[in-house]
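This is target_21.cif (mmCIF, C-alpha atoms).
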data_input
#
loop_
_atom_site.label_atom_id
_atom_site.label_comp_id
_atom_site.auth_asym_id
_atom_site.auth_seq_id
_atom_site.Cartn_x
_atom_site.Cartn_y
_atom_site.Cartn_z
CA MET W 1 23.98 0.51 -23.79
CA ARG W 2 22.16 2.50 -21.12
CA LYS W 3 23.09 2.26 -17.48
CA ARG W 4 20.41 1.94 -14.85
CA GLN W 5 20.77 2.97 -11.26
CA VAL W 6 18.71 1.15 -8.66
CA VAL W 7 18.32 2.61 -5.18
CA VAL W 8 17.29 0.28 -2.38
CA ARG W 9 16.04 1.85 0.84
CA ARG W 10 16.34 -0.09 4.04
CA GLU W 11 14.51 0.73 7.22
CA GLU W 12 16.01 -0.12 10.55
CA PRO W 13 13.69 -1.78 13.06
CA SER W 14 12.17 0.76 15.43
CA SER W 15 13.92 -0.85 18.41
CA ARG W 16 17.29 0.28 17.05
CA ARG W 17 16.22 3.86 16.30
CA SER W 18 14.77 4.80 19.67
CA SER W 19 14.38 3.46 23.17
CA SER W 20 10.56 3.69 23.13
CA SER W 21 8.60 0.84 21.64
CA SER W 22 6.25 1.56 18.78
CA ILE W 23 4.30 -0.52 16.30
CA THR W 24 3.56 0.52 12.72
CA ILE W 25 0.24 -0.74 11.36
CA ARG W 26 -0.33 -0.53 7.61
CA SER W 27 -3.64 -1.32 5.98
CA VAL W 28 -4.05 -1.42 2.20
CA ARG W 29 -7.33 -0.69 0.46
CA TYR W 30 -7.98 -0.66 -3.28
CA GLY W 31 -10.28 2.10 -4.51
CA GLU W 32 -11.74 3.03 -7.89
CA CYS W 33 -10.70 1.30 -11.13
CA GLN W 34 -8.45 3.37 -13.39
CA LYS W 35 -8.25 1.07 -16.40
CA ASN W 36 -8.59 3.03 -19.65
CA HIS W 37 -10.97 0.95 -21.77
CA ALA W 38 -10.70 3.27 -24.79
CA ALA W 39 -6.89 3.37 -25.02
CA ASN W 40 -6.82 1.32 -28.24
CA VAL W 41 -8.84 4.00 -30.09
CA GLY W 42 -6.95 6.94 -28.58
CA GLY W 43 -9.61 7.96 -26.09
CA TYR W 44 -10.13 7.82 -22.37
CA ALA W 45 -12.98 5.97 -20.67
CA VAL W 46 -13.14 4.24 -17.30
CA ASP W 47 -15.82 1.74 -16.30
CA GLY W 48 -16.98 3.48 -13.11
CA CYS W 49 -16.08 0.70 -10.67
CA ARG W 50 -15.74 2.47 -7.32
CA GLU W 51 -13.99 -0.17 -5.18
CA PHE W 52 -12.11 -3.44 -5.64
CA MET W 53 -13.97 -6.54 -4.47
CA ALA W 54 -12.06 -9.83 -4.71
CA SER W 55 -13.69 -12.58 -6.76
CA GLY W 56 -12.26 -15.40 -4.68
CA GLU W 57 -10.62 -16.39 -1.44
CA GLU W 58 -7.25 -14.97 -0.34
CA GLY W 59 -4.36 -16.94 -1.81
CA THR W 60 -6.15 -17.93 -5.04
CA ASP W 61 -5.81 -16.39 -8.50
CA ALA W 62 -9.40 -15.17 -8.28
CA ALA W 63 -8.47 -12.97 -5.30
CA LEU W 64 -6.63 -10.64 -7.72
CA THR W 65 -9.65 -10.15 -10.02
CA CYS W 66 -12.38 -7.62 -9.23
CA ALA W 67 -15.85 -9.14 -8.95
CA ALA W 68 -17.50 -5.86 -10.04
CA CYS W 69 -15.54 -4.96 -13.19
CA GLY W 70 -13.40 -8.03 -13.99
CA CYS W 71 -10.13 -6.05 -13.98
CA HIS W 72 -6.91 -7.07 -12.21
CA ARG W 73 -6.32 -5.51 -8.80
CA ASN W 74 -3.38 -3.46 -10.19
CA PHE W 75 -5.81 -1.27 -12.16
CA HIS W 76 -7.42 -0.07 -8.92
CA ARG W 77 -6.04 2.89 -6.96
CA ARG W 78 -3.96 1.66 -4.03
CA GLU W 79 -4.53 3.52 -0.76
CA VAL W 80 -2.18 2.78 2.12
CA GLU W 81 -3.06 3.95 5.62
CA THR W 82 -0.20 3.97 8.11
CA GLU W 83 -0.72 4.23 11.85
CA VAL W 84 2.08 4.35 14.40
CA VAL W 85 1.13 3.18 17.86
CA CYS W 86 3.53 4.21 20.60
CA ASP W 87 3.75 2.59 24.01
CA CYS W 88 4.31 5.70 26.10
CA SER W 89 3.37 4.16 29.45
CA SER W 90 6.94 3.80 30.71
CA PRO W 91 8.27 6.81 32.68
CA SER W 92 11.51 7.09 30.70
CA SER W 93 9.71 7.34 27.34
CA ASN W 94 7.52 10.34 28.20
CA GLY W 95 10.28 12.55 29.58
CA PHE W 96 9.36 12.32 33.26
CA GLU W 97 11.59 10.57 35.72
CA GLY W 98 11.18 9.77 39.28
#
For the structure just supplied, provide its representation as structure tokens.
Amino acid sequence: MRKRQVVVRREEPSSRRSSSSSITIRSVRYGECQKNHAANVGGYAVDGCREFMASGEEGTDAALTCAACGCHRNFHRREVETEVVCDCSSPSSNGFEG
């Protein structure tokens, strides 16, 4: 029997880490399709789909299928953009007092 080790990482809310207030904005975009259509014959061929476009409305099963290539969203490259917005307008947060 093999043992597996699972590591869970927890992030503390930003209000506990520092006195300044900041907001983290994450946007997820799905890029080109990476499904290997020739895997069953030992080759490598992708379909050329450049960007995921949902087939249906958010919350439905069709929202996870690409309208261009018909593949599931998991086959498309996931690109996460993270932006941290800091509220530095208070005098104590920018280092100046008085």
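In this model, the gap between atom CA of W:Glu79 and atom CA of W:Ala39 comes to 24.4 Å.
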Task: Shell of 9 Å around W:Lys35, only C-alpha atoms, local chain residues under 6 positions omitted, as a ChimeraX atom specification - done: /W:45-47,71,75-76
Residues around (-12.7, -2.6, -1.5), cut-off 7 Å, counting only C-alpha atoms - what are they as an mmCIF file with C-alpha atoms, in the coordinates of the input?
data_model
loop_
_atom_site.group_PDB
_atom_site.id
_atom_site.type_symbol
_atom_site.label_atom_id
_atom_site.label_comp_id
_atom_site.auth_asym_id
_atom_site.auth_seq_id
_atom_site.Cartn_x
_atom_site.Cartn_y
_atom_site.Cartn_z
ATOM 1 C CA ARG W 29 -7.330 -0.690 0.460
ATOM 2 C CA TYR W 30 -7.980 -0.660 -3.280
ATOM 3 C CA GLY W 31 -10.280 2.100 -4.510
ATOM 4 C CA GLU W 51 -13.990 -0.170 -5.180
ATOM 5 C CA PHE W 52 -12.110 -3.440 -5.640
ATOM 6 C CA MET W 53 -13.970 -6.540 -4.470
#
Task: Distance of atom CA of W:Val80 from atom CA of W:Val28, expressed in Å to one decimal place - done: 4.6 Å
Open item on the list: Let me make sure I understand: among W:Cys69, W:His37, W:Asp61, W:Ser27, which one has the smallest atom-to-atom distance to W:Cys49 if we use all atoms listed in the file?
Closed with: W:Cys69
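The spacing separating atom CA of W:Ser22 from atom CA of W:Val84 amounts to 6.7 Å.
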TODO: Would you mind telling me which residue in W:Arg26, W:Asn36, W:Arg73, W:Ser21 lies nearest to W:Ser55 when using all atoms listed in the file?
DONE: W:Arg73
Open item on the list: What's around W:Ala54 at 6 Å? Count only C-alpha atoms, leave out sequence neighbours fewer than 5 positions away in its own chain, and write the answer as a list in words.
Closed with: Ala63, Thr65, Cys66 and Ala67 of chain W
Quick one: write out the picked residues with C-alpha atoms as a compact mmCIF listing (two decimals), in the coordinates of the input?
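Output contents, as saved in part-v6.txt:
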# COMPACT_ATOMS: atom_id res chain seq x y z
CA ALA W 63 -8.47 -12.97 -5.30
CA THR W 65 -9.65 -10.15 -10.02
CA CYS W 66 -12.38 -7.62 -9.23
CA ALA W 67 -15.85 -9.14 -8.95
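With distances taken over only C-alpha atoms, W:Cys33 is the one residue among W:Val85, W:Glu58, W:Ile23, W:Cys33 lying closest to W:Gly70.
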TODO: Go through W:Thr60, W:Asn40, W:Thr24, W:Gln34 and flag the residue nearest W:Asn74, using all atoms listed in the file for the distances.
DONE: W:Gln34
